[in-house]
Amino acid sequence: MKGIRIKGTGRCVPERVVTNEDLAARMDTSDEWITSRTGIRRRRHCTAETHSTLCAGAARAALARAGVSPEEIGACIVATVTADDLVPSAACVLQRELGLPQDIPCFDLSAACTGFLFALHTMECLLNASPRRFGLVVGAEVLSRVTNWEDRGTCVLFGDGAGAAVVECREGWPSIGAVLGCHGDDRLLRLPGVERGGRSLISMEGTRVFKFAVEAVPWCVDRVLERTGRTVEDVDFFVFHQANARIIDLAVRKYHIPPEKYYKNIAEYGNTSAASIPLVLSELEEQGRVGPGSRTLVVGFGGGLTWGGAMVEFA
Ligand code: ACO
């Protein structure tokens, strides 16, 4: 089996910044509550932008950084639960927008906040069976579209954005060693589908999901280390899904991860679900904190319930 590595990342976020103070002006909440419980200070919400424009912006930036042309792409996956339409998929729209080849698989993947990890693993499998070497993986969400503004327990948490990675698959590179899991549960975290006839808005039992997350994160870290035969010290950077700063802080304390080896951007973007991990990866790459040879341990968790981890290296 050939392994994949990240060749280049990119991101695209809406222009409109919504601060905690903006939310406090329209509902019974406060900057103090949101910051102390979640670490979130601001988030971005789409106005003129659409899911498709975010995807295209992030994908173009990733292709440019990778130095790979659209014709070289062998598969495209968009991880999302908030695409503009069910059909055509966001990935098919991206095929047209970017001029990706027509003889490749392009599709959307739904695994909520773990979507980017599910997509990376799927991409590794696809490229192993493809004559082409490069793949495009995008995580994108417009969660402001499915936010319940009458539920202060959830509406302050989510933001919009997109991140993308161009990956390369080569003989001799180890697999990313993805560990993925799910436990079907429609009570703790739900985004109802159109066919149910109700309002398609997110609902979440935050405290119970929090408890699930603080167990899922170390489970994923341990399994990935076991699977790849690595130790915490072998990892250059830990990338956690940005759902709540307190969840990240607990993991950092448990594994004694030094400040220069993890990153939080939740203060700026809130929880952007499938976009959160590639947003982190792209900021890290832009800041020169990861690059060729860097080994990152990436962990995600979220609705489904779903969880996953992988050892993702940069080419
Ligand atoms: N402003 C002020 N007060 C609030 C707000 C708000 N925005 N929201 C809730 N409160 C109040 C509640 O009403 C409650 O008041 P009460 O004690 O008088 O009843 C109090 O604050 C505590 O509420 P909790 O829900 O218990 O707060 P908690 O400390 O659990 O924090 C949070 C809530 C931030 C949602 C947390 O549980 C969390 O982060 N959960 C995990 C989220 C997550 O990881 N999601 C997974 C990914 S999401 C996805 O996949 C789409």
# chains A, B, ... in the order shown; residues from 1 in each chain; ligands from 1
>>> select_by_dssp(residues="segment 88-234 of chain A", states="alpha helix (DSSP H)", output="MDAnalysis selection string")
chainID A and resid 90:98 115:128 152:155 206:228
>>> write_last_selection(atoms="N, CA and C atoms", output="compact mmCIF listing (two decimals), in the first residue's frame")
# COMPACT_ATOMS: atom_id res chain seq x y z
N ALA A 90 -21.01 19.33 -3.85
CA ALA A 90 -20.01 20.42 -3.83
C ALA A 90 -18.78 20.02 -4.63
N ALA A 91 -18.43 18.73 -4.60
CA ALA A 91 -17.23 18.27 -5.31
C ALA A 91 -17.44 18.35 -6.83
N CYS A 92 -18.67 18.05 -7.29
CA CYS A 92 -18.94 18.16 -8.73
C CYS A 92 -18.90 19.63 -9.17
N VAL A 93 -19.41 20.52 -8.33
CA VAL A 93 -19.34 21.95 -8.65
C VAL A 93 -17.87 22.38 -8.74
N LEU A 94 -17.07 21.86 -7.83
CA LEU A 94 -15.64 22.18 -7.81
C LEU A 94 -14.94 21.66 -9.07
N GLN A 95 -15.36 20.48 -9.53
CA GLN A 95 -14.78 19.92 -10.77
C GLN A 95 -14.94 20.94 -11.90
N ARG A 96 -16.15 21.51 -11.99
CA ARG A 96 -16.41 22.47 -13.07
C ARG A 96 -15.64 23.78 -12.83
N GLU A 97 -15.71 24.29 -11.61
CA GLU A 97 -15.08 25.58 -11.30
C GLU A 97 -13.58 25.57 -11.55
N LEU A 98 -12.93 24.46 -11.15
CA LEU A 98 -11.46 24.41 -11.24
C LEU A 98 -10.97 23.78 -12.54
N GLY A 115 -15.20 14.81 9.29
CA GLY A 115 -15.26 14.63 7.85
C GLY A 115 -13.91 14.70 7.15
N PHE A 116 -13.07 15.65 7.55
CA PHE A 116 -11.79 15.81 6.85
C PHE A 116 -10.91 14.56 7.02
N LEU A 117 -10.97 13.95 8.21
CA LEU A 117 -10.17 12.74 8.45
C LEU A 117 -10.73 11.55 7.68
N PHE A 118 -12.06 11.40 7.67
CA PHE A 118 -12.68 10.34 6.87
C PHE A 118 -12.27 10.53 5.39
N ALA A 119 -12.23 11.78 4.96
CA ALA A 119 -11.92 12.07 3.55
C ALA A 119 -10.45 11.78 3.24
N LEU A 120 -9.55 12.09 4.17
CA LEU A 120 -8.12 11.80 3.94
C LEU A 120 -7.91 10.30 3.77
N HIS A 121 -8.55 9.52 4.67
CA HIS A 121 -8.41 8.06 4.59
C HIS A 121 -8.98 7.53 3.27
N THR A 122 -10.16 8.03 2.90
CA THR A 122 -10.79 7.61 1.65
C THR A 122 -9.91 7.98 0.46
N MET A 123 -9.31 9.17 0.52
CA MET A 123 -8.43 9.61 -0.57
C MET A 123 -7.22 8.70 -0.69
N GLU A 124 -6.66 8.28 0.46
CA GLU A 124 -5.50 7.38 0.39
C GLU A 124 -5.88 6.09 -0.33
N CYS A 125 -7.06 5.55 -0.01
CA CYS A 125 -7.53 4.32 -0.68
C CYS A 125 -7.74 4.56 -2.17
N LEU A 126 -8.38 5.68 -2.52
CA LEU A 126 -8.67 5.97 -3.93
C LEU A 126 -7.39 6.11 -4.74
N LEU A 127 -6.41 6.85 -4.20
CA LEU A 127 -5.18 7.09 -4.96
C LEU A 127 -4.36 5.82 -5.11
N ASN A 128 -4.52 4.88 -4.16
CA ASN A 128 -3.84 3.59 -4.31
C ASN A 128 -4.36 2.84 -5.52
N ARG A 152 -29.27 29.46 22.58
CA ARG A 152 -27.99 30.13 22.88
C ARG A 152 -26.88 29.14 23.21
N GLY A 153 -27.26 27.90 23.57
CA GLY A 153 -26.27 26.89 23.91
C GLY A 153 -25.50 26.38 22.69
N THR A 154 -26.06 26.54 21.49
CA THR A 154 -25.34 26.08 20.29
C THR A 154 -24.99 27.23 19.33
N CYS A 155 -25.85 28.26 19.25
CA CYS A 155 -25.65 29.24 18.17
C CYS A 155 -24.36 30.04 18.31
N GLY A 206 -24.78 19.60 24.61
CA GLY A 206 -23.38 20.00 24.71
C GLY A 206 -22.58 19.28 25.79
N THR A 207 -23.14 19.18 26.98
CA THR A 207 -22.37 18.60 28.08
C THR A 207 -22.06 17.13 27.82
N ARG A 208 -23.03 16.40 27.25
CA ARG A 208 -22.79 14.97 26.97
C ARG A 208 -21.82 14.80 25.80
N VAL A 209 -21.92 15.68 24.81
CA VAL A 209 -20.97 15.61 23.70
C VAL A 209 -19.56 15.95 24.19
N PHE A 210 -19.49 16.89 25.12
CA PHE A 210 -18.19 17.25 25.72
C PHE A 210 -17.55 16.02 26.36
N LYS A 211 -18.36 15.27 27.12
CA LYS A 211 -17.82 14.06 27.79
C LYS A 211 -17.35 13.03 26.77
N PHE A 212 -18.14 12.86 25.70
CA PHE A 212 -17.73 11.95 24.62
C PHE A 212 -16.39 12.40 24.03
N ALA A 213 -16.26 13.72 23.78
CA ALA A 213 -15.06 14.24 23.11
C ALA A 213 -13.81 14.04 23.96
N VAL A 214 -13.92 14.26 25.28
CA VAL A 214 -12.69 14.14 26.10
C VAL A 214 -12.24 12.68 26.22
N GLU A 215 -13.13 11.74 25.92
CA GLU A 215 -12.70 10.34 25.86
C GLU A 215 -12.22 9.96 24.46
N ALA A 216 -12.88 10.51 23.45
CA ALA A 216 -12.53 10.15 22.06
C ALA A 216 -11.13 10.64 21.67
N VAL A 217 -10.75 11.83 22.14
CA VAL A 217 -9.46 12.39 21.72
C VAL A 217 -8.29 11.49 22.15
N PRO A 218 -8.16 11.15 23.44
CA PRO A 218 -7.02 10.27 23.80
C PRO A 218 -7.12 8.88 23.17
N TRP A 219 -8.34 8.39 22.98
CA TRP A 219 -8.49 7.08 22.31
C TRP A 219 -7.85 7.15 20.93
N CYS A 220 -8.15 8.23 20.20
CA CYS A 220 -7.59 8.37 18.85
C CYS A 220 -6.08 8.55 18.89
N VAL A 221 -5.59 9.39 19.80
CA VAL A 221 -4.13 9.62 19.89
C VAL A 221 -3.42 8.30 20.16
N ASP A 222 -3.91 7.54 21.14
CA ASP A 222 -3.25 6.27 21.50
C ASP A 222 -3.27 5.29 20.35
N ARG A 223 -4.43 5.16 19.67
CA ARG A 223 -4.54 4.19 18.58
C ARG A 223 -3.62 4.56 17.41
N VAL A 224 -3.55 5.87 17.08
CA VAL A 224 -2.70 6.29 15.95
C VAL A 224 -1.23 6.02 16.28
N LEU A 225 -0.82 6.33 17.51
CA LEU A 225 0.58 6.08 17.89
C LEU A 225 0.89 4.58 17.81
N GLU A 226 -0.06 3.78 18.34
CA GLU A 226 0.10 2.32 18.31
C GLU A 226 0.23 1.82 16.87
N ARG A 227 -0.68 2.31 16.03
CA ARG A 227 -0.76 1.83 14.66
C ARG A 227 0.45 2.21 13.83
N THR A 228 1.01 3.40 14.11
CA THR A 228 2.13 3.87 13.31
C THR A 228 3.47 3.57 13.99
>>> residues_near_ligand(ligand="ligand 1", cutoff="8 Å", atoms="only C-alpha atoms and all ligand atoms", output="mmCIF file with N, CA, C and O atoms, in the first residue's frame")
data_model
loop_
_atom_site.group_PDB
_atom_site.id
_atom_site.type_symbol
_atom_site.label_atom_id
_atom_site.label_comp_id
_atom_site.auth_asym_id
_atom_site.auth_seq_id
_atom_site.Cartn_x
_atom_site.Cartn_y
_atom_site.Cartn_z
ATOM 1 N N ASP A 28 -29.417 36.554 25.047
ATOM 2 C CA ASP A 28 -28.988 36.539 26.442
ATOM 3 C C ASP A 28 -27.702 35.724 26.584
ATOM 4 O O ASP A 28 -27.725 34.548 26.935
ATOM 5 N N THR A 29 -26.578 36.349 26.261
ATOM 6 C CA THR A 29 -25.274 35.709 26.431
ATOM 7 C C THR A 29 -24.255 36.802 26.709
ATOM 8 O O THR A 29 -24.595 37.989 26.765
ATOM 9 N N SER A 30 -22.995 36.415 26.900
ATOM 10 C CA SER A 30 -21.963 37.425 27.169
ATOM 11 C C SER A 30 -20.631 36.937 26.624
ATOM 12 O O SER A 30 -20.400 35.726 26.484
ATOM 13 N N TRP A 33 -19.046 34.558 29.145
ATOM 14 C CA TRP A 33 -19.529 33.163 29.153
ATOM 15 C C TRP A 33 -18.925 32.391 27.985
ATOM 16 O O TRP A 33 -18.366 31.310 28.154
ATOM 17 N N ILE A 34 -19.022 32.992 26.799
ATOM 18 C CA ILE A 34 -18.572 32.257 25.605
ATOM 19 C C ILE A 34 -17.059 32.008 25.673
ATOM 20 O O ILE A 34 -16.580 30.896 25.425
ATOM 21 N N ARG A 37 -16.139 29.417 28.560
ATOM 22 C CA ARG A 37 -16.607 28.029 28.338
ATOM 23 C C ARG A 37 -16.043 27.390 27.085
ATOM 24 O O ARG A 37 -16.008 26.171 26.981
ATOM 25 N N THR A 38 -15.669 28.224 26.080
ATOM 26 C CA THR A 38 -15.316 27.632 24.781
ATOM 27 C C THR A 38 -13.981 28.112 24.204
ATOM 28 O O THR A 38 -13.407 27.442 23.359
ATOM 29 N N ALA A 112 -19.622 14.937 9.604
ATOM 30 C CA ALA A 112 -19.614 16.096 10.514
ATOM 31 C C ALA A 112 -18.181 16.575 10.768
ATOM 32 O O ALA A 112 -17.394 16.692 9.829
ATOM 33 N N CYS A 113 -17.838 16.798 12.036
ATOM 34 C CA CYS A 113 -16.529 17.406 12.348
ATOM 35 C C CYS A 113 -15.366 16.472 12.069
ATOM 36 O O CYS A 113 -14.212 16.902 12.043
ATOM 37 N N THR A 114 -15.634 15.159 11.885
ATOM 38 C CA THR A 114 -14.554 14.222 11.571
ATOM 39 C C THR A 114 -14.416 14.062 10.060
ATOM 40 O O THR A 114 -13.610 13.249 9.579
ATOM 41 N N ASP A 151 -31.418 29.022 20.229
ATOM 42 C CA ASP A 151 -30.728 28.130 21.168
ATOM 43 C C ASP A 151 -29.337 28.703 21.465
ATOM 44 O O ASP A 151 -28.379 28.470 20.733
ATOM 45 N N ARG A 152 -29.266 29.461 22.579
ATOM 46 C CA ARG A 152 -27.989 30.135 22.877
ATOM 47 C C ARG A 152 -26.877 29.144 23.210
ATOM 48 O O ARG A 152 -25.696 29.475 23.142
ATOM 49 N N GLY A 153 -27.263 27.903 23.572
ATOM 50 C CA GLY A 153 -26.268 26.885 23.908
ATOM 51 C C GLY A 153 -25.498 26.378 22.694
ATOM 52 O O GLY A 153 -24.406 25.831 22.827
ATOM 53 N N THR A 154 -26.064 26.540 21.489
ATOM 54 C CA THR A 154 -25.345 26.083 20.288
ATOM 55 C C THR A 154 -24.988 27.225 19.326
ATOM 56 O O THR A 154 -23.955 27.169 18.672
ATOM 57 N N CYS A 155 -25.853 28.261 19.254
ATOM 58 C CA CYS A 155 -25.653 29.241 18.166
ATOM 59 C C CYS A 155 -24.361 30.043 18.311
ATOM 60 O O CYS A 155 -23.869 30.578 17.322
ATOM 61 N N VAL A 156 -23.817 30.114 19.523
ATOM 62 C CA VAL A 156 -22.591 30.893 19.711
ATOM 63 C C VAL A 156 -21.347 30.109 19.267
ATOM 64 O O VAL A 156 -20.252 30.668 19.184
ATOM 65 N N LEU A 157 -21.523 28.804 19.020
ATOM 66 C CA LEU A 157 -20.354 27.932 18.836
ATOM 67 C C LEU A 157 -19.825 27.885 17.402
ATOM 68 O O LEU A 157 -18.634 27.693 17.192
ATOM 69 N N PHE A 158 -20.735 28.019 16.427
ATOM 70 C CA PHE A 158 -20.366 27.623 15.064
ATOM 71 C C PHE A 158 -19.994 28.792 14.150
ATOM 72 O O PHE A 158 -20.478 29.905 14.325
ATOM 73 N N LEU A 189 -26.448 14.834 19.067
ATOM 74 C CA LEU A 189 -26.067 15.862 18.098
ATOM 75 C C LEU A 189 -26.795 15.559 16.797
ATOM 76 O O LEU A 189 -26.611 14.487 16.222
ATOM 77 N N ILE A 202 -29.241 22.691 13.666
ATOM 78 C CA ILE A 202 -28.426 21.876 14.572
ATOM 79 C C ILE A 202 -29.011 21.898 15.979
ATOM 80 O O ILE A 202 -29.404 22.940 16.494
ATOM 81 N N MET A 204 -27.837 20.124 19.894
ATOM 82 C CA MET A 204 -26.753 19.361 20.519
ATOM 83 C C MET A 204 -26.904 19.374 22.033
ATOM 84 O O MET A 204 -27.218 20.401 22.622
ATOM 85 N N GLU A 205 -26.693 18.201 22.626
ATOM 86 C CA GLU A 205 -26.597 18.127 24.089
ATOM 87 C C GLU A 205 -25.132 18.341 24.434
ATOM 88 O O GLU A 205 -24.344 17.394 24.536
ATOM 89 N N GLY A 206 -24.777 19.605 24.607
ATOM 90 C CA GLY A 206 -23.375 20.002 24.711
ATOM 91 C C GLY A 206 -22.582 19.281 25.787
ATOM 92 O O GLY A 206 -21.470 18.806 25.544
ATOM 93 N N THR A 207 -23.142 19.183 26.976
ATOM 94 C CA THR A 207 -22.373 18.597 28.084
ATOM 95 C C THR A 207 -22.061 17.131 27.816
ATOM 96 O O THR A 207 -20.942 16.667 28.073
ATOM 97 N N ARG A 208 -23.030 16.399 27.252
ATOM 98 C CA ARG A 208 -22.791 14.974 26.973
ATOM 99 C C ARG A 208 -21.822 14.797 25.801
ATOM 100 O O ARG A 208 -20.999 13.878 25.796
ATOM 101 N N VAL A 209 -21.916 15.682 24.810
ATOM 102 C CA VAL A 209 -20.969 15.610 23.695
ATOM 103 C C VAL A 209 -19.558 15.951 24.194
ATOM 104 O O VAL A 209 -18.562 15.355 23.757
ATOM 105 N N PHE A 210 -19.487 16.888 25.124
ATOM 106 C CA PHE A 210 -18.193 17.246 25.717
ATOM 107 C C PHE A 210 -17.546 16.017 26.359
ATOM 108 O O PHE A 210 -16.360 15.736 26.162
ATOM 109 N N LYS A 211 -18.361 15.268 27.123
ATOM 110 C CA LYS A 211 -17.824 14.064 27.791
ATOM 111 C C LYS A 211 -17.354 13.034 26.767
ATOM 112 O O LYS A 211 -16.316 12.403 26.934
ATOM 113 N N ALA A 213 -16.257 13.718 23.780
ATOM 114 C CA ALA A 213 -15.058 14.241 23.108
ATOM 115 C C ALA A 213 -13.807 14.035 23.963
ATOM 116 O O ALA A 213 -12.759 13.663 23.438
ATOM 117 N N ALA A 243 -13.321 22.390 18.572
ATOM 118 C CA ALA A 243 -14.721 22.449 19.014
ATOM 119 C C ALA A 243 -14.831 23.243 20.302
ATOM 120 O O ALA A 243 -15.825 23.934 20.533
ATOM 121 N N ASN A 244 -13.807 23.133 21.140
ATOM 122 C CA ASN A 244 -13.825 23.812 22.434
ATOM 123 C C ASN A 244 -12.378 23.824 22.941
ATOM 124 O O ASN A 244 -11.731 22.771 22.999
ATOM 125 N N ARG A 246 -11.272 24.024 25.789
ATOM 126 C CA ARG A 246 -11.060 23.206 27.003
ATOM 127 C C ARG A 246 -10.788 21.748 26.646
ATOM 128 O O ARG A 246 -10.051 21.063 27.348
ATOM 129 N N ILE A 247 -11.382 21.256 25.553
ATOM 130 C CA ILE A 247 -11.137 19.867 25.122
ATOM 131 C C ILE A 247 -9.673 19.738 24.684
ATOM 132 O O ILE A 247 -8.984 18.771 25.028
ATOM 133 N N ASN A 271 -16.267 26.842 15.973
ATOM 134 C CA ASN A 271 -16.276 25.465 15.478
ATOM 135 C C ASN A 271 -16.769 25.470 14.027
ATOM 136 O O ASN A 271 -17.937 25.761 13.771
ATOM 137 N N THR A 272 -15.883 25.151 13.098
ATOM 138 C CA THR A 272 -16.261 25.140 11.670
ATOM 139 C C THR A 272 -16.408 23.714 11.152
ATOM 140 O O THR A 272 -16.280 23.466 9.950
ATOM 141 N N SER A 273 -16.636 22.755 12.059
ATOM 142 C CA SER A 273 -16.903 21.367 11.704
ATOM 143 C C SER A 273 -15.829 20.817 10.748
ATOM 144 O O SER A 273 -14.658 20.849 11.076
ATOM 145 N N PHE A 301 -13.453 14.726 15.945
ATOM 146 C CA PHE A 301 -14.580 14.075 16.610
ATOM 147 C C PHE A 301 -15.806 14.944 16.369
ATOM 148 O O PHE A 301 -15.674 16.150 16.155
ATOM 149 N N GLY A 302 -16.983 14.322 16.382
ATOM 150 C CA GLY A 302 -18.171 15.151 16.171
ATOM 151 C C GLY A 302 -19.428 14.342 15.952
ATOM 152 O O GLY A 302 -19.529 13.186 16.370
ATOM 153 N N GLY A 303 -20.368 14.978 15.246
ATOM 154 C CA GLY A 303 -21.694 14.399 15.048
ATOM 155 C C GLY A 303 -21.636 13.055 14.360
ATOM 156 O O GLY A 303 -20.736 12.755 13.577
ATOM 157 N N GLY A 304 -22.602 12.246 14.703
ATOM 158 C CA GLY A 304 -22.686 10.893 14.121
ATOM 159 C C GLY A 304 -23.111 9.842 15.137
ATOM 160 O O GLY A 304 -24.062 9.165 14.916
ATOM 161 N N LEU A 305 -22.411 9.712 16.247
ATOM 162 C CA LEU A 305 -21.138 10.346 16.579
ATOM 163 C C LEU A 305 -20.009 9.735 15.738
ATOM 164 O O LEU A 305 -20.052 8.548 15.414
#
>>> atom_distance(atom1="atom CA of Glu71 of chain A", atom2="atom CA of Val280 of chain A")
26.6 Å
>>> atom_distance(atom1="atom CA of Ala64 of chain A", atom2="atom CA of Glu268 of chain A")
24.4 Å
>>> select_by_dssp(residues="segment 118-234 of chain A", states="strand (DSSP E)", output="PyMOL selection string")
chain A and resi 134-142+160-170+179-182+189-190+203-204
>>> closest_residue(among="A:Glu233, A:Asp22, A:Glu150, A:Asp160", to="Leu201 of chain A", atoms="only C-alpha atoms")
A:Glu150
>>> atom_distance(atom1="atom CA of Ala48 of chain A", atom2="atom CA of Ala140 of chain A")
15.9 Å
>>> closest_residue(among="A:Arg16, A:His241, A:Arg187, A:Arg5", to="Gly139 of chain A", atoms="only C-alpha atoms")
A:His241
>>> decode(residues="segment 236-256 of chain A", atoms="N, CA and C atoms", output="PDB file, in the first residue's frame")
ATOM      1  N   ASP A 236       5.699  16.061  15.410  1.00  0.00           N
ATOM      2  CA  ASP A 236       6.136  17.459  15.342  1.00  0.00           C
ATOM      3  C   ASP A 236       5.021  18.415  15.731  1.00  0.00           C
ATOM      4  N   PHE A 237       3.768  18.031  15.399  1.00  0.00           N
ATOM      5  CA  PHE A 237       2.654  18.936  15.680  1.00  0.00           C
ATOM      6  C   PHE A 237       1.365  18.149  15.914  1.00  0.00           C
ATOM      7  N   PHE A 238       0.628  18.522  16.935  1.00  0.00           N
ATOM      8  CA  PHE A 238      -0.683  17.921  17.201  1.00  0.00           C
ATOM      9  C   PHE A 238      -1.763  18.875  16.680  1.00  0.00           C
ATOM     10  N   VAL A 239      -2.634  18.334  15.837  1.00  0.00           N
ATOM     11  CA  VAL A 239      -3.723  19.149  15.272  1.00  0.00           C
ATOM     12  C   VAL A 239      -5.049  18.558  15.732  1.00  0.00           C
ATOM     13  N   PHE A 240      -5.758  19.301  16.579  1.00  0.00           N
ATOM     14  CA  PHE A 240      -7.032  18.830  17.119  1.00  0.00           C
ATOM     15  C   PHE A 240      -8.187  19.588  16.469  1.00  0.00           C
ATOM     16  N   HIS A 241      -9.309  18.887  16.286  1.00  0.00           N
ATOM     17  CA  HIS A 241     -10.529  19.575  15.854  1.00  0.00           C
ATOM     18  C   HIS A 241     -10.850  20.686  16.860  1.00  0.00           C
ATOM     19  N   GLN A 242     -11.201  21.867  16.331  1.00  0.00           N
ATOM     20  CA  GLN A 242     -11.419  23.038  17.189  1.00  0.00           C
ATOM     21  C   GLN A 242     -12.910  23.141  17.542  1.00  0.00           C
ATOM     22  N   ALA A 243     -13.321  22.390  18.572  1.00  0.00           N
ATOM     23  CA  ALA A 243     -14.721  22.449  19.014  1.00  0.00           C
ATOM     24  C   ALA A 243     -14.831  23.243  20.302  1.00  0.00           C
ATOM     25  N   ASN A 244     -13.807  23.133  21.140  1.00  0.00           N
ATOM     26  CA  ASN A 244     -13.825  23.812  22.434  1.00  0.00           C
ATOM     27  C   ASN A 244     -12.378  23.824  22.941  1.00  0.00           C
ATOM     28  N   ALA A 245     -11.882  25.007  23.298  1.00  0.00           N
ATOM     29  CA  ALA A 245     -10.485  25.123  23.752  1.00  0.00           C
ATOM     30  C   ALA A 245     -10.224  24.235  24.965  1.00  0.00           C
ATOM     31  N   ARG A 246     -11.272  24.024  25.789  1.00  0.00           N
ATOM     32  CA  ARG A 246     -11.060  23.206  27.003  1.00  0.00           C
ATOM     33  C   ARG A 246     -10.788  21.748  26.646  1.00  0.00           C
ATOM     34  N   ILE A 247     -11.382  21.256  25.553  1.00  0.00           N
ATOM     35  CA  ILE A 247     -11.137  19.867  25.122  1.00  0.00           C
ATOM     36  C   ILE A 247      -9.673  19.738  24.684  1.00  0.00           C
ATOM     37  N   ILE A 248      -9.182  20.722  23.953  1.00  0.00           N
ATOM     38  CA  ILE A 248      -7.783  20.699  23.498  1.00  0.00           C
ATOM     39  C   ILE A 248      -6.850  20.792  24.708  1.00  0.00           C
ATOM     40  N   ASP A 249      -7.178  21.680  25.646  1.00  0.00           N
ATOM     41  CA  ASP A 249      -6.312  21.863  26.829  1.00  0.00           C
ATOM     42  C   ASP A 249      -6.193  20.571  27.639  1.00  0.00           C
ATOM     43  N   LEU A 250      -7.289  19.828  27.728  1.00  0.00           N
ATOM     44  CA  LEU A 250      -7.248  18.560  28.482  1.00  0.00           C
ATOM     45  C   LEU A 250      -6.295  17.574  27.812  1.00  0.00           C
ATOM     46  N   ALA A 251      -6.342  17.489  26.479  1.00  0.00           N
ATOM     47  CA  ALA A 251      -5.460  16.573  25.747  1.00  0.00           C
ATOM     48  C   ALA A 251      -4.002  17.005  25.881  1.00  0.00           C
ATOM     49  N   VAL A 252      -3.786  18.317  25.799  1.00  0.00           N
ATOM     50  CA  VAL A 252      -2.422  18.863  25.904  1.00  0.00           C
ATOM     51  C   VAL A 252      -1.816  18.505  27.261  1.00  0.00           C
ATOM     52  N   ARG A 253      -2.645  18.640  28.314  1.00  0.00           N
ATOM     53  CA  ARG A 253      -2.149  18.306  29.669  1.00  0.00           C
ATOM     54  C   ARG A 253      -1.863  16.812  29.784  1.00  0.00           C
ATOM     55  N   LYS A 254      -2.777  15.983  29.260  1.00  0.00           N
ATOM     56  CA  LYS A 254      -2.626  14.529  29.391  1.00  0.00           C
ATOM     57  C   LYS A 254      -1.328  14.032  28.742  1.00  0.00           C
ATOM     58  N   TYR A 255      -0.994  14.584  27.563  1.00  0.00           N
ATOM     59  CA  TYR A 255       0.182  14.093  26.829  1.00  0.00           C
ATOM     60  C   TYR A 255       1.413  15.003  27.019  1.00  0.00           C
ATOM     61  N   HIS A 256       1.303  15.995  27.911  1.00  0.00           N
ATOM     62  CA  HIS A 256       2.414  16.933  28.171  1.00  0.00           C
ATOM     63  C   HIS A 256       2.955  17.520  26.863  1.00  0.00           C
TER      64      HIS A 256
END
